[in-house]
file upload-v4.json (JSON, C-alpha atoms and all ligand atoms)
[["chain", "number", "residue", "atom", "x", "y", "z"],
["A", 1, "MET", "CA", 0.00, 0.00, 0.00],
["A", 2, "ALA", "CA", 1.42, 3.39, -0.94],
["A", 3, "THR", "CA", 2.26, 5.60, 2.00],
["A", 4, "ARG", "CA", 3.28, 9.23, 2.14],
["A", 5, "ASP", "CA", 6.53, 10.45, 3.56],
["A", 6, "LEU", "CA", 5.51, 13.24, 5.89],
["A", 7, "LYS", "CA", 8.62, 13.41, 8.03],
["A", 8, "ILE", "CA", 11.71, 14.47, 6.07],
["A", 9, "PRO", "CA", 11.74, 18.21, 5.48],
["A", 10, "SER", "CA", 15.04, 18.18, 3.62],
["A", 11, "GLN", "CA", 13.40, 16.09, 0.90],
["A", 12, "ARG", "CA", 9.95, 17.58, 0.94],
["A", 13, "HIS", "CA", 11.01, 21.13, 1.74],
["A", 14, "PRO", "CA", 14.50, 21.90, 0.45],
["A", 15, "GLU", "CA", 14.04, 25.59, 1.29],
["A", 16, "LYS", "CA", 13.37, 24.72, 4.95],
["A", 17, "ALA", "CA", 16.29, 22.34, 5.45],
["A", 18, "LYS", "CA", 18.59, 25.03, 6.88],
["A", 19, "ARG", "CA", 16.00, 26.64, 9.10],
["A", 20, "PRO", "CA", 16.61, 26.24, 12.84],
["A", 21, "ASP", "CA", 14.48, 23.65, 14.59],
["A", 22, "ASN", "CA", 11.40, 24.90, 16.42],
["A", 23, "ALA", "CA", 10.33, 22.76, 19.35],
["A", 24, "GLN", "CA", 6.90, 21.21, 18.86],
["A", 25, "PRO", "CA", 4.92, 21.73, 22.05],
["A", 26, "LYS", "CA", 2.77, 18.94, 23.47],
["A", 27, "LYS", "CA", -0.78, 19.11, 22.21],
["A", 28, "PRO", "CA", -3.48, 19.93, 24.73],
["A", 29, "ALA", "CA", -6.29, 17.44, 25.39],
["A", 30, "TRP", "CA", -8.70, 19.27, 23.09],
["A", 31, "ILE", "CA", -6.50, 18.59, 20.04],
["A", 32, "ARG", "CA", -6.42, 14.79, 20.41],
["A", 33, "VAL", "CA", -8.03, 12.96, 17.49],
["A", 34, "LYS", "CA", -9.13, 9.46, 16.58],
["A", 35, "ALA", "CA", -6.62, 7.12, 14.91],
["A", 36, "PRO", "CA", -7.22, 6.49, 11.21],
["A", 37, "VAL", "CA", -8.85, 3.06, 11.31],
["A", 38, "GLY", "CA", -12.16, 1.59, 10.21],
["A", 39, "GLU", "CA", -13.64, 0.10, 7.06],
["A", 40, "GLY", "CA", -14.69, 3.47, 5.65],
["A", 41, "TYR", "CA", -11.14, 4.75, 6.02],
["A", 42, "LYS", "CA", -9.73, 1.74, 4.19],
["A", 43, "ASP", "CA", -12.28, 2.03, 1.37],
["A", 44, "THR", "CA", -11.47, 5.71, 0.86],
["A", 45, "HIS", "CA", -7.76, 4.95, 0.85],
["A", 46, "LYS", "CA", -8.28, 2.24, -1.76],
["A", 47, "ILE", "CA", -10.35, 4.48, -4.04],
["A", 48, "MET", "CA", -7.75, 7.26, -3.86],
["A", 49, "ARG", "CA", -4.92, 4.88, -4.79],
["A", 50, "GLU", "CA", -6.92, 3.12, -7.51],
["A", 51, "HIS", "CA", -7.62, 6.45, -9.15],
["A", 52, "LYS", "CA", -4.01, 7.58, -8.63],
["A", 53, "LEU", "CA", -5.13, 10.66, -6.73],
["A", 54, "THR", "CA", -3.33, 12.83, -4.25],
["A", 55, "THR", "CA", -5.15, 14.14, -1.18],
["A", 56, "VAL", "CA", -4.41, 17.16, 0.94],
["A", 57, "CYS", "CA", -5.57, 15.07, 3.89],
["A", 58, "GLU", "CA", -2.40, 12.98, 3.59],
["A", 59, "GLU", "CA", 0.00, 15.57, 2.18],
["A", 60, "ALA", "CA", -0.80, 18.13, 4.85],
["A", 61, "GLY", "CA", -0.88, 15.49, 7.61],
["A", 62, "CYS", "CA", -4.39, 16.58, 8.59],
["A", 63, "PRO", "CA", -5.42, 15.52, 12.11],
["A", 64, "ASN", "CA", -8.98, 14.77, 10.98],
["A", 65, "VAL", "CA", -8.14, 12.11, 8.43],
["A", 66, "GLY", "CA", -9.52, 9.25, 10.57],
["A", 67, "GLU", "CA", -12.91, 10.86, 10.99],
["A", 68, "CYS", "CA", -13.24, 12.27, 7.46],
["A", 69, "TRP", "CA", -12.07, 9.23, 5.53],
["A", 70, "ASN", "CA", -14.29, 6.92, 7.54],
["A", 71, "GLN", "CA", -17.17, 8.84, 5.97],
["A", 72, "GLY", "CA", -15.60, 8.86, 2.51],
["A", 73, "HIS", "CA", -14.76, 12.57, 2.77],
["A", 74, "ALA", "CA", -11.36, 13.00, 1.16],
["A", 75, "THR", "CA", -10.19, 16.32, -0.24],
["A", 76, "MET", "CA", -8.46, 15.65, -3.52],
["A", 77, "MET", "CA", -5.46, 17.77, -4.42],
["A", 78, "ILE", "CA", -5.02, 18.28, -8.15],
["A", 79, "MET", "CA", -2.11, 19.45, -10.33],
["A", 80, "GLY", "CA", 0.55, 17.26, -8.71],
["A", 81, "GLU", "CA", 2.22, 16.78, -5.36],
["A", 82, "VAL", "CA", 4.80, 19.57, -5.53],
["A", 83, "CYS", "CA", 3.93, 23.19, -4.78],
["A", 84, "THR", "CA", 5.83, 26.16, -6.24],
["A", 85, "ARG", "CA", 5.38, 28.25, -3.08],
["A", 86, "ALA", "CA", 7.16, 27.84, 0.22],
["A", 87, "CYS", "CA", 4.70, 28.79, 2.95],
["A", 88, "THR", "CA", 6.27, 28.14, 6.33],
["A", 89, "PHE", "CA", 3.18, 26.53, 7.84],
["A", 90, "CYS", "CA", 2.50, 24.01, 5.09],
["A", 91, "ASN", "CA", 3.60, 20.40, 4.77],
["A", 92, "ILE", "CA", 2.97, 20.00, 1.05],
["A", 93, "ALA", "CA", 6.24, 19.20, -0.73],
["A", 94, "THR", "CA", 7.81, 22.26, -2.37],
["A", 95, "GLY", "CA", 10.05, 22.80, -5.38],
["A", 96, "LYS", "CA", 9.87, 22.71, -9.14],
["A", 97, "PRO", "CA", 7.05, 20.39, -10.17],
["A", 98, "PRO", "CA", 8.53, 17.48, -12.14],
["A", 99, "GLU", "CA", 5.56, 17.06, -14.46],
["A", 100, "ASP", "CA", 3.13, 18.97, -16.64],
["A", 101, "LEU", "CA", -0.53, 18.81, -15.75],
["A", 102, "ASP", "CA", -2.10, 15.39, -16.23],
["A", 103, "VAL", "CA", -4.90, 15.80, -18.74],
["A", 104, "PHE", "CA", -6.56, 12.64, -17.47],
["A", 105, "GLU", "CA", -6.70, 13.82, -13.87],
["A", 106, "PRO", "CA", -10.09, 15.61, -14.10],
["A", 107, "GLY", "CA", -11.64, 12.34, -15.31],
["A", 108, "ARG", "CA", -10.03, 10.34, -12.51],
["A", 109, "VAL", "CA", -11.21, 12.85, -9.90],
["A", 110, "ALA", "CA", -14.74, 12.62, -11.30],
["A", 111, "GLY", "CA", -14.56, 8.82, -11.25],
["A", 112, "ALA", "CA", -13.49, 8.82, -7.60],
["A", 113, "VAL", "CA", -16.23, 11.29, -6.61],
["A", 114, "LYS", "CA", -18.81, 9.04, -8.23],
["A", 115, "LYS", "CA", -17.43, 5.92, -6.57],
["A", 116, "LEU", "CA", -17.39, 7.59, -3.17],
["A", 117, "GLY", "CA", -21.00, 8.69, -3.76],
["A", 118, "LEU", "CA", -20.37, 12.13, -2.35],
["A", 119, "ASN", "CA", -23.12, 14.73, -1.91],
["A", 120, "HIS", "CA", -20.48, 17.42, -1.62],
["A", 121, "VAL", "CA", -16.85, 17.37, -2.66],
["A", 122, "VAL", "CA", -13.92, 19.68, -1.94],
["A", 123, "ILE", "CA", -11.17, 19.95, -4.55],
["A", 124, "THR", "CA", -7.95, 21.78, -3.86],
["A", 125, "SER", "CA", -4.55, 22.02, -5.53],
["A", 126, "VAL", "CA", -0.94, 22.89, -5.13],
["A", 127, "ASP", "CA", 0.17, 26.29, -6.43],
["A", 128, "ARG", "CA", 1.51, 26.04, -9.98],
["A", 129, "ASP", "CA", 3.26, 29.32, -10.64],
["A", 130, "ASP", "CA", 5.13, 27.54, -13.44],
["A", 131, "ILE", "CA", 1.95, 27.36, -15.56],
["A", 132, "GLU", "CA", 0.71, 30.41, -17.42],
["A", 133, "ASP", "CA", -2.89, 30.23, -16.20],
["A", 134, "GLY", "CA", -1.93, 28.87, -12.77],
["A", 135, "GLY", "CA", -4.07, 25.79, -13.47],
["A", 136, "ALA", "CA", -7.34, 27.73, -13.89],
["A", 137, "GLU", "CA", -8.44, 25.71, -16.92],
["A", 138, "HIS", "CA", -7.53, 22.45, -15.14],
["A", 139, "PHE", "CA", -9.78, 23.46, -12.23],
["A", 140, "ALA", "CA", -12.58, 24.27, -14.69],
["A", 141, "GLN", "CA", -12.18, 20.92, -16.44],
["A", 142, "THR", "CA", -12.26, 19.10, -13.12],
["A", 143, "ILE", "CA", -15.48, 20.86, -12.14],
["A", 144, "ARG", "CA", -17.08, 20.03, -15.48],
["A", 145, "ALA", "CA", -15.97, 16.38, -15.31],
["A", 146, "ILE", "CA", -17.51, 15.98, -11.85],
["A", 147, "ARG", "CA", -20.76, 17.63, -13.02],
["A", 148, "ARG", "CA", -20.99, 15.23, -15.94],
["A", 149, "GLN", "CA", -20.56, 12.11, -13.81],
["A", 150, "SER", "CA", -22.25, 13.25, -10.60],
["A", 151, "PRO", "CA", -24.75, 16.01, -11.43],
["A", 152, "GLY", "CA", -26.20, 15.92, -7.92],
["A", 153, "THR", "CA", -22.89, 16.53, -6.16],
["A", 154, "THR", "CA", -22.19, 20.04, -4.98],
["A", 155, "ILE", "CA", -18.64, 21.21, -5.65],
["A", 156, "GLU", "CA", -16.41, 23.32, -3.47],
["A", 157, "ILE", "CA", -13.02, 24.43, -4.75],
["A", 158, "LEU", "CA", -10.13, 25.70, -2.67],
["A", 159, "THR", "CA", -7.87, 27.51, -5.10],
["A", 160, "PRO", "CA", -4.46, 29.15, -5.31],
["A", 161, "ASP", "CA", -4.30, 32.94, -5.56],
["A", 162, "PHE", "CA", -3.34, 33.09, -9.30],
["A", 163, "ILE", "CA", -1.17, 36.07, -8.37],
["A", 164, "ARG", "CA", 1.22, 35.76, -11.30],
["A", 165, "CYS", "CA", -1.52, 35.22, -13.91],
["A", 166, "ASP", "CA", -3.62, 37.46, -16.09],
["A", 167, "PRO", "CA", -6.55, 38.51, -13.86],
["A", 168, "LYS", "CA", -8.88, 37.05, -16.50],
["A", 169, "VAL", "CA", -7.98, 33.46, -15.57],
["A", 170, "LEU", "CA", -10.26, 33.79, -12.56],
["A", 171, "GLU", "CA", -13.21, 34.08, -14.95],
["A", 172, "VAL", "CA", -12.39, 30.66, -16.39],
["A", 173, "VAL", "CA", -12.82, 29.08, -12.95],
["A", 174, "VAL", "CA", -15.94, 31.06, -12.01],
["A", 175, "GLU", "CA", -17.60, 30.26, -15.37],
["A", 176, "ALA", "CA", -17.29, 26.54, -14.54],
["A", 177, "ARG", "CA", -19.73, 27.35, -11.69],
["A", 178, "PRO", "CA", -18.46, 25.65, -8.56],
["A", 179, "ASP", "CA", -21.00, 25.93, -5.73],
["A", 180, "VAL", "CA", -18.45, 27.29, -3.27],
["A", 181, "PHE", "CA", -15.31, 29.24, -4.14],
["A", 182, "ASN", "CA", -12.84, 29.03, -1.29],
["A", 183, "HIS", "CA", -9.47, 30.68, -1.06],
["A", 184, "ASN", "CA", -7.77, 30.86, 2.30],
["A", 185, "LEU", "CA", -6.20, 34.04, 3.64],
["A", 186, "GLU", "CA", -4.40, 31.70, 6.09],
["A", 187, "THR", "CA", -3.24, 34.35, 8.57],
["A", 188, "VAL", "CA", -3.40, 38.02, 9.52],
["A", 189, "PRO", "CA", -1.64, 40.51, 7.20],
["A", 190, "GLY", "CA", 1.20, 41.28, 9.64],
["A", 191, "LEU", "CA", 2.37, 37.65, 9.52],
["A", 192, "TYR", "CA", 2.38, 37.30, 5.71],
["A", 193, "PRO", "CA", 6.11, 37.99, 5.20],
["A", 194, "GLU", "CA", 6.97, 35.13, 7.56],
["A", 195, "VAL", "CA", 4.07, 32.71, 7.06],
["A", 196, "ARG", "CA", 3.01, 33.19, 3.44],
["A", 197, "PRO", "CA", 5.94, 34.99, 1.79],
["A", 198, "GLY", "CA", 4.91, 34.27, -1.82],
["A", 199, "ALA", "CA", 1.42, 35.73, -1.38],
["A", 200, "ARG", "CA", -0.11, 39.14, -0.74],
["A", 201, "TYR", "CA", -2.96, 39.65, 1.72],
["A", 202, "PHE", "CA", -4.86, 42.23, -0.30],
["A", 203, "HIS", "CA", -4.49, 40.26, -3.51],
["A", 204, "SER", "CA", -6.13, 37.22, -1.87],
["A", 205, "LEU", "CA", -8.90, 39.34, -0.43],
["A", 206, "ARG", "CA", -9.52, 41.02, -3.77],
["A", 207, "LEU", "CA", -9.61, 37.62, -5.51],
["A", 208, "LEU", "CA", -12.58, 36.60, -3.39],
["A", 209, "GLN", "CA", -14.28, 39.94, -3.83],
["A", 210, "ARG", "CA", -13.86, 39.59, -7.60],
["A", 211, "VAL", "CA", -15.47, 36.11, -7.54],
["A", 212, "LYS", "CA", -18.55, 37.67, -5.94],
["A", 213, "GLU", "CA", -18.58, 40.46, -8.50],
["A", 214, "LEU", "CA", -18.37, 37.95, -11.35],
["A", 215, "ASP", "CA", -21.14, 35.77, -9.93],
["A", 216, "PRO", "CA", -23.09, 37.23, -6.99],
["A", 217, "THR", "CA", -24.86, 33.88, -6.46],
["A", 218, "MET", "CA", -21.65, 31.97, -5.81],
["A", 219, "PHE", "CA", -20.82, 31.26, -2.18],
["A", 220, "THR", "CA", -17.38, 32.49, -1.14],
["A", 221, "LYS", "CA", -15.41, 31.09, 1.73],
["A", 222, "SER", "CA", -12.08, 31.78, 3.38],
["A", 223, "GLY", "CA", -10.17, 30.72, 6.43],
["A", 224, "ILE", "CA", -7.32, 31.51, 8.74],
["A", 225, "MET", "CA", -5.26, 29.55, 11.22],
["A", 226, "VAL", "CA", -4.68, 30.89, 14.70],
["A", 227, "GLY", "CA", -1.84, 30.15, 17.10],
["A", 228, "LEU", "CA", 0.78, 31.47, 14.66],
["A", 229, "GLY", "CA", 1.49, 34.62, 16.68],
["A", 230, "GLU", "CA", -1.46, 36.83, 15.70],
["A", 231, "ASP", "CA", -3.39, 38.90, 18.23],
["A", 232, "ARG", "CA", -7.15, 39.09, 18.68],
["A", 233, "GLN", "CA", -7.36, 42.60, 17.29],
["A", 234, "SER", "CA", -5.79, 41.47, 13.99],
["A", 235, "VAL", "CA", -8.20, 38.55, 13.73],
["A", 236, "MET", "CA", -11.11, 40.95, 14.19],
["A", 237, "GLN", "CA", -9.70, 43.16, 11.45],
["A", 238, "VAL", "CA", -9.43, 40.16, 9.09],
["A", 239, "MET", "CA", -13.11, 39.44, 9.75],
["A", 240, "GLU", "CA", -13.97, 43.05, 8.89],
["A", 241, "ASP", "CA", -11.89, 42.87, 5.70],
["A", 242, "MET", "CA", -13.56, 39.61, 4.68],
["A", 243, "ARG", "CA", -17.03, 41.02, 5.20],
["A", 244, "ALA", "CA", -16.08, 44.11, 3.17],
["A", 245, "ALA", "CA", -15.17, 41.65, 0.38],
["A", 246, "ASP", "CA", -18.60, 40.01, 0.84],
["A", 247, "ILE", "CA", -17.21, 36.63, 1.93],
["A", 248, "ASP", "CA", -19.99, 34.34, 3.15],
["A", 249, "PHE", "CA", -18.25, 31.64, 5.15],
["A", 250, "LEU", "CA", -15.34, 31.94, 7.59],
["A", 251, "THR", "CA", -13.29, 29.05, 8.98],
["A", 252, "ILE", "CA", -10.82, 29.42, 11.86],
["A", 253, "GLY", "CA", -8.70, 26.52, 13.12],
["A", 254, "GLN", "CA", -5.65, 25.92, 15.27],
["A", 255, "TYR", "CA", -2.30, 25.88, 13.46],
["A", 256, "LEU", "CA", -0.43, 22.64, 14.07],
["A", 257, "GLN", "CA", 3.27, 22.52, 13.29],
["A", 258, "PRO", "CA", 4.02, 19.64, 10.89],
["A", 259, "THR", "CA", 7.77, 19.33, 11.64],
["A", 260, "PRO", "CA", 10.44, 21.20, 13.67],
["A", 261, "LYS", "CA", 11.44, 23.05, 10.48],
["A", 262, "HIS", "CA", 8.03, 24.67, 10.10],
["A", 263, "HIS", "CA", 6.75, 27.91, 11.62],
["A", 264, "ARG", "CA", 6.64, 27.61, 15.39],
["A", 265, "ILE", "CA", 3.38, 27.25, 17.26],
["A", 266, "ASP", "CA", 2.98, 30.45, 19.22],
["A", 267, "ARG", "CA", 0.25, 29.00, 21.41],
["A", 268, "PHE", "CA", -2.80, 26.77, 21.54],
["A", 269, "VAL", "CA", -5.94, 28.86, 21.36],
["A", 270, "THR", "CA", -8.52, 27.57, 23.82],
["A", 271, "PRO", "CA", -11.95, 26.24, 22.79],
["A", 272, "GLU", "CA", -13.50, 29.18, 24.66],
["A", 273, "GLU", "CA", -11.54, 31.66, 22.55],
["A", 274, "PHE", "CA", -12.67, 29.85, 19.41],
["A", 275, "ALA", "CA", -16.28, 30.11, 20.59],
["A", 276, "ALA", "CA", -15.78, 33.84, 21.12],
["A", 277, "TYR", "CA", -14.37, 34.20, 17.58],
["A", 278, "GLU", "CA", -17.36, 32.33, 16.21],
["A", 279, "LYS", "CA", -19.79, 34.59, 18.03],
["A", 280, "ALA", "CA", -17.97, 37.71, 16.88],
["A", 281, "ALA", "CA", -17.93, 36.50, 13.28],
["A", 282, "PHE", "CA", -21.64, 35.79, 13.18],
["A", 283, "GLY", "CA", -22.11, 39.26, 14.67],
["A", 284, "LYS", "CA", -20.21, 40.73, 11.72],
["A", 285, "GLY", "CA", -22.61, 39.14, 9.27],
["A", 286, "PHE", "CA", -21.01, 35.93, 7.97],
["A", 287, "LEU", "CA", -23.67, 33.48, 6.81],
["A", 288, "MET", "CA", -21.67, 30.57, 8.19],
["A", 289, "VAL", "CA", -18.78, 30.27, 10.61],
["A", 290, "SER", "CA", -16.76, 27.28, 11.75],
["A", 291, "ALA", "CA", -14.27, 28.12, 14.47],
["A", 292, "THR", "CA", -12.93, 25.22, 16.51],
["A", 293, "PRO", "CA", -9.42, 23.92, 17.21],
["A", 294, "LEU", "CA", -9.80, 21.18, 14.59],
["A", 295, "THR", "CA", -11.60, 23.24, 11.96],
["A", 296, "ARG", "CA", -10.01, 22.94, 8.53],
["A", 297, "SER", "CA", -11.39, 24.36, 5.27],
["A", 298, "SER", "CA", -12.81, 21.03, 4.25],
["A", 299, "TYR", "CA", -13.78, 19.65, 7.67],
["A", 300, "HIS", "CA", -17.52, 18.89, 7.71],
["A", 301, "ALA", "CA", -17.73, 20.88, 4.47],
["A", 302, "GLY", "CA", -20.82, 19.04, 3.24],
["A", 303, "ASP", "CA", -22.89, 19.62, 6.39],
["A", 304, "ASP", "CA", -21.68, 23.20, 6.54],
["A", 305, "PHE", "CA", -22.63, 23.79, 2.92],
["A", 306, "ALA", "CA", -26.22, 22.76, 3.73],
["A", 307, "LYS", "CA", -26.22, 25.25, 6.62],
["A", 308, "LEU", "CA", -24.75, 27.92, 4.37],
["A", 309, "ARG", "CA", -27.53, 27.48, 1.84],
["A", 310, "GLU", "CA", -30.19, 27.56, 4.56],
["A", 311, "ALA", "CA", -28.68, 30.71, 6.04],
["A", 312, "ARG", "CA", -28.84, 32.48, 2.69],
["A", 313, "LEU", "CA", -32.45, 31.44, 2.16],
["A", 314, "ALA", "CA", -33.34, 32.61, 5.68],
["A", 315, "LYS", "CA", -31.66, 35.96, 5.03],
["A", 316, "MET", "CA", -33.71, 36.32, 1.86],
["A", 317, "GLY", "CA", -36.87, 35.58, 3.82],
["A", 318, "HIS", "CA", -37.46, 32.12, 2.30],
["A", 319, "ALA", "CA", -37.25, 30.05, 5.46],
["B", 401, "LIG", "S1", -10.47, 18.08, 7.36],
["B", 401, "LIG", "FE1", -10.20, 18.20, 5.13],
["B", 401, "LIG", "S2", -8.02, 17.84, 4.80],
["B", 401, "LIG", "FE2", -8.52, 17.13, 6.86],
["B", 401, "LIG", "S3", -8.97, 14.94, 6.61],
["B", 401, "LIG", "FE3", -10.90, 16.06, 6.53],
["B", 401, "LIG", "S4", -11.25, 16.35, 4.33],
["B", 401, "LIG", "FE4", -9.08, 15.86, 4.57]]

call {"tool": "encode", "arguments": {"input": "upload-v4.json", "output": "structure tokens", "more": "lines below"}}
Ligand code: SF4
result
Amino acid sequence: MATRDLKIPSQRHPEKAKRPDNAQPKKPAWIRVKAPVGEGYKDTHKIMREHKLTTVCEEAGCPNVGECWNQGHATMMIMGEVCTRACTFCNIATGKPPEDLDVFEPGRVAGAVKKLGLNHVVITSVDRDDIEDGGAEHFAQTIRAIRRQSPGTTIEILTPDFIRCDPKVLEVVVEARPDVFNHNLETVPGLYPEVRPGARYFHSLRLLQRVKELDPTMFTKSGIMVGLGEDRQSVMQVMEDMRAADIDFLTIGQYLQPTPKHHRIDRFVTPEEFAAYEKAAFGKGFLMVSATPLTRSSYHAGDDFAKLREARLAKMGHA
């Protein structure tokens, strides 16, 4: 059975090899998760390997993989296993991608979605700054392939920022009509130079605002991690900025440090603080908020999508 190497930063992250080690603090009780076992987990694993698909669940070392995969909820990561960025929080392998895009991948993703029988699927990708359109057309083809094979499945995409592309490439993705367009801001603007050096906060924010301008019916979603060194005031400002960009759904989760070479954990935010963030975010007008230590963009995404839709209908006076 194929396994993923999640432990050797010098191989997976050449740019991090010379960074000093950061101690990984012991996780508090509220971070503990179930081990990845169970028939559902094994079935999901088998389908991913049979279809030669990469998942962010494995590549990022997500703590929720046991729970999600048991229910068949895997988040497929398209466009390869190697990312052209070097974010200091992320465990996806970095470097120059060895291959061009695989033209058969959209079909394999669609085949896996059908086999898993998903009501809602989340598709993400590595960043491909080496490709002129950043992979926009590949995203669109993947969306269309899923629609053809599973017309009843709702589709959520979690995209790169397309910062080095013609701004028009965003239209290609939006015209493929995903149900939810997600792009994560990841952290507060003051931490971008350290945490997300290849990205720009206001570019990412504007990307999401532009999606809403192109299609006002499309749900937009974004998330940040906390525990990276941000303060509460900055998190509140991010919420304000997101609402100004008309973002519907906010996710906030605890940053977990994948290896000693990654950005250090500043602290573990308590469940009470998460609850306070959630309350504040609803107060600022988000239709949907998920803020818990184990929240990830794709965690419980299907159930949350149903709530998101209901919230919009209620706001429009249809519920
Ligand atoms: S939370 Fe998302 S990335 Fe993590 S295991 Fe679940 S589906 Fe995969």

call {"tool": "residues_near_ligand", "arguments": {"input": "upload-v4.json", "ligand": "ligand LIG 401 (chain B)", "cutoff": "8 Å", "atoms": "only C-alpha atoms and all ligand atoms", "output": "list in words"}}
result
Thr55, Val56, Cys57, Glu58, Ala60, Gly61, Cys62, Pro63, Asn64, Val65, Gly66, Glu67, Cys68, Trp69, His73, Ala74, Thr75, Val122, Leu294, Thr295, Arg296, Ser297, Ser298, Tyr299, His300 and Ala301 of chain A

call {"tool": "closest_atom_pairs", "arguments": {"input": "upload-v4.json", "of": "region 131-177 of chain A", "to": "region 181-186 of chain A", "cutoff": "6 Å", "atoms": "all atoms listed in the file", "output": "Markdown table"}}
result
| residue | atom | partner | partner_atom | distance |
| --- | --- | --- | --- | --- |
| A:Ile157 | CA | A:Phe181 | CA | 5.4 |
| A:Leu158 | CA | A:Asn182 | CA | 4.5 |
| A:Thr159 | CA | A:His183 | CA | 5.4 |

call {"tool": "residues_near_point", "arguments": {"input": "upload-v4.json", "point": "(3.6, 26.2, 7.5)", "cutoff": "8 Å", "atoms": "all atoms listed in the file", "output": "list in words"}}
result
Cys87, Thr88, Phe89, Cys90, Asn91, Val195, Gln257, Pro258, His262 and His263 of chain A

call {"tool": "write_last_selection", "arguments": {"input": "upload-v4.json", "atoms": "C-alpha atoms", "output": "CSV table (one decimal), in the frame of the given file"}}
result
chain,number,residue,atom,x,y,z
A,87,CYS,CA,4.7,28.8,3.0
A,88,THR,CA,6.3,28.1,6.3
A,89,PHE,CA,3.2,26.5,7.8
A,90,CYS,CA,2.5,24.0,5.1
A,91,ASN,CA,3.6,20.4,4.8
A,195,VAL,CA,4.1,32.7,7.1
A,257,GLN,CA,3.3,22.5,13.3
A,258,PRO,CA,4.0,19.6,10.9
A,262,HIS,CA,8.0,24.7,10.1
A,263,HIS,CA,6.8,27.9,11.6

call {"tool": "residues_near_point", "arguments": {"input": "upload-v4.json", "point": "(-7.1, 27.9, 9.0)", "cutoff": "10 Å", "atoms": "all atoms listed in the file", "output": "VMD selection string"}}
result
chain A and resid 184 to 187 222 to 227 250 to 256 291 to 297

call {"tool": "atom_distance", "arguments": {"input": "upload-v4.json", "atom1": "CA of Thr217 (chain A)", "atom2": "CA of Asp127 (chain A)"}}
result
26.2 Å

call {"tool": "build_atoms", "arguments": {"input": "upload-v4.json", "residues": "region 236-250 of chain A", "atoms": "N, CA and C atoms", "output": "mmCIF file, in the frame of the given file"}}
result
data_model
loop_
_atom_site.group_PDB
_atom_site.id
_atom_site.type_symbol
_atom_site.label_atom_id
_atom_site.label_comp_id
_atom_site.auth_asym_id
_atom_site.auth_seq_id
_atom_site.Cartn_x
_atom_site.Cartn_y
_atom_site.Cartn_z
ATOM 1 N N MET A 236 -9.865 40.175 14.377
ATOM 2 C CA MET A 236 -11.110 40.950 14.190
ATOM 3 C C MET A 236 -11.031 41.791 12.911
ATOM 4 N N GLN A 237 -9.852 42.341 12.660
ATOM 5 C CA GLN A 237 -9.700 43.160 11.450
ATOM 6 C C GLN A 237 -9.844 42.300 10.188
ATOM 7 N N VAL A 238 -9.292 41.069 10.242
ATOM 8 C CA VAL A 238 -9.430 40.160 9.090
ATOM 9 C C VAL A 238 -10.916 39.885 8.841
ATOM 10 N N MET A 239 -11.658 39.669 9.919
ATOM 11 C CA MET A 239 -13.110 39.440 9.750
ATOM 12 C C MET A 239 -13.761 40.637 9.063
ATOM 13 N N GLU A 240 -13.403 41.837 9.504
ATOM 14 C CA GLU A 240 -13.970 43.050 8.890
ATOM 15 C C GLU A 240 -13.613 43.112 7.392
ATOM 16 N N ASP A 241 -12.345 42.819 7.099
ATOM 17 C CA ASP A 241 -11.890 42.870 5.700
ATOM 18 C C ASP A 241 -12.652 41.843 4.862
ATOM 19 N N MET A 242 -12.845 40.661 5.425
ATOM 20 C CA MET A 242 -13.560 39.610 4.680
ATOM 21 C C MET A 242 -15.012 40.012 4.425
ATOM 22 N N ARG A 243 -15.627 40.622 5.409
ATOM 23 C CA ARG A 243 -17.030 41.020 5.200
ATOM 24 C C ARG A 243 -17.099 42.147 4.153
ATOM 25 N N ALA A 244 -16.113 43.039 4.181
ATOM 26 C CA ALA A 244 -16.080 44.110 3.170
ATOM 27 C C ALA A 244 -15.941 43.515 1.771
ATOM 28 N N ALA A 245 -15.311 42.331 1.683
ATOM 29 C CA ALA A 245 -15.170 41.650 0.380
ATOM 30 C C ALA A 245 -16.352 40.711 0.136
ATOM 31 N N ASP A 246 -17.352 40.773 1.010
ATOM 32 C CA ASP A 246 -18.600 40.010 0.840
ATOM 33 C C ASP A 246 -18.409 38.497 0.934
ATOM 34 N N ILE A 247 -17.462 38.071 1.746
ATOM 35 C CA ILE A 247 -17.210 36.630 1.930
ATOM 36 C C ILE A 247 -18.291 36.049 2.844
ATOM 37 N N ASP A 248 -18.843 34.904 2.440
ATOM 38 C CA ASP A 248 -19.990 34.340 3.150
ATOM 39 C C ASP A 248 -19.615 33.466 4.344
ATOM 40 N N PHE A 249 -18.527 32.739 4.212
ATOM 41 C CA PHE A 249 -18.250 31.640 5.150
ATOM 42 C C PHE A 249 -16.816 31.798 5.655
ATOM 43 N N LEU A 250 -16.669 31.809 6.965
ATOM 44 C CA LEU A 250 -15.340 31.940 7.590
ATOM 45 C C LEU A 250 -14.993 30.661 8.351
#
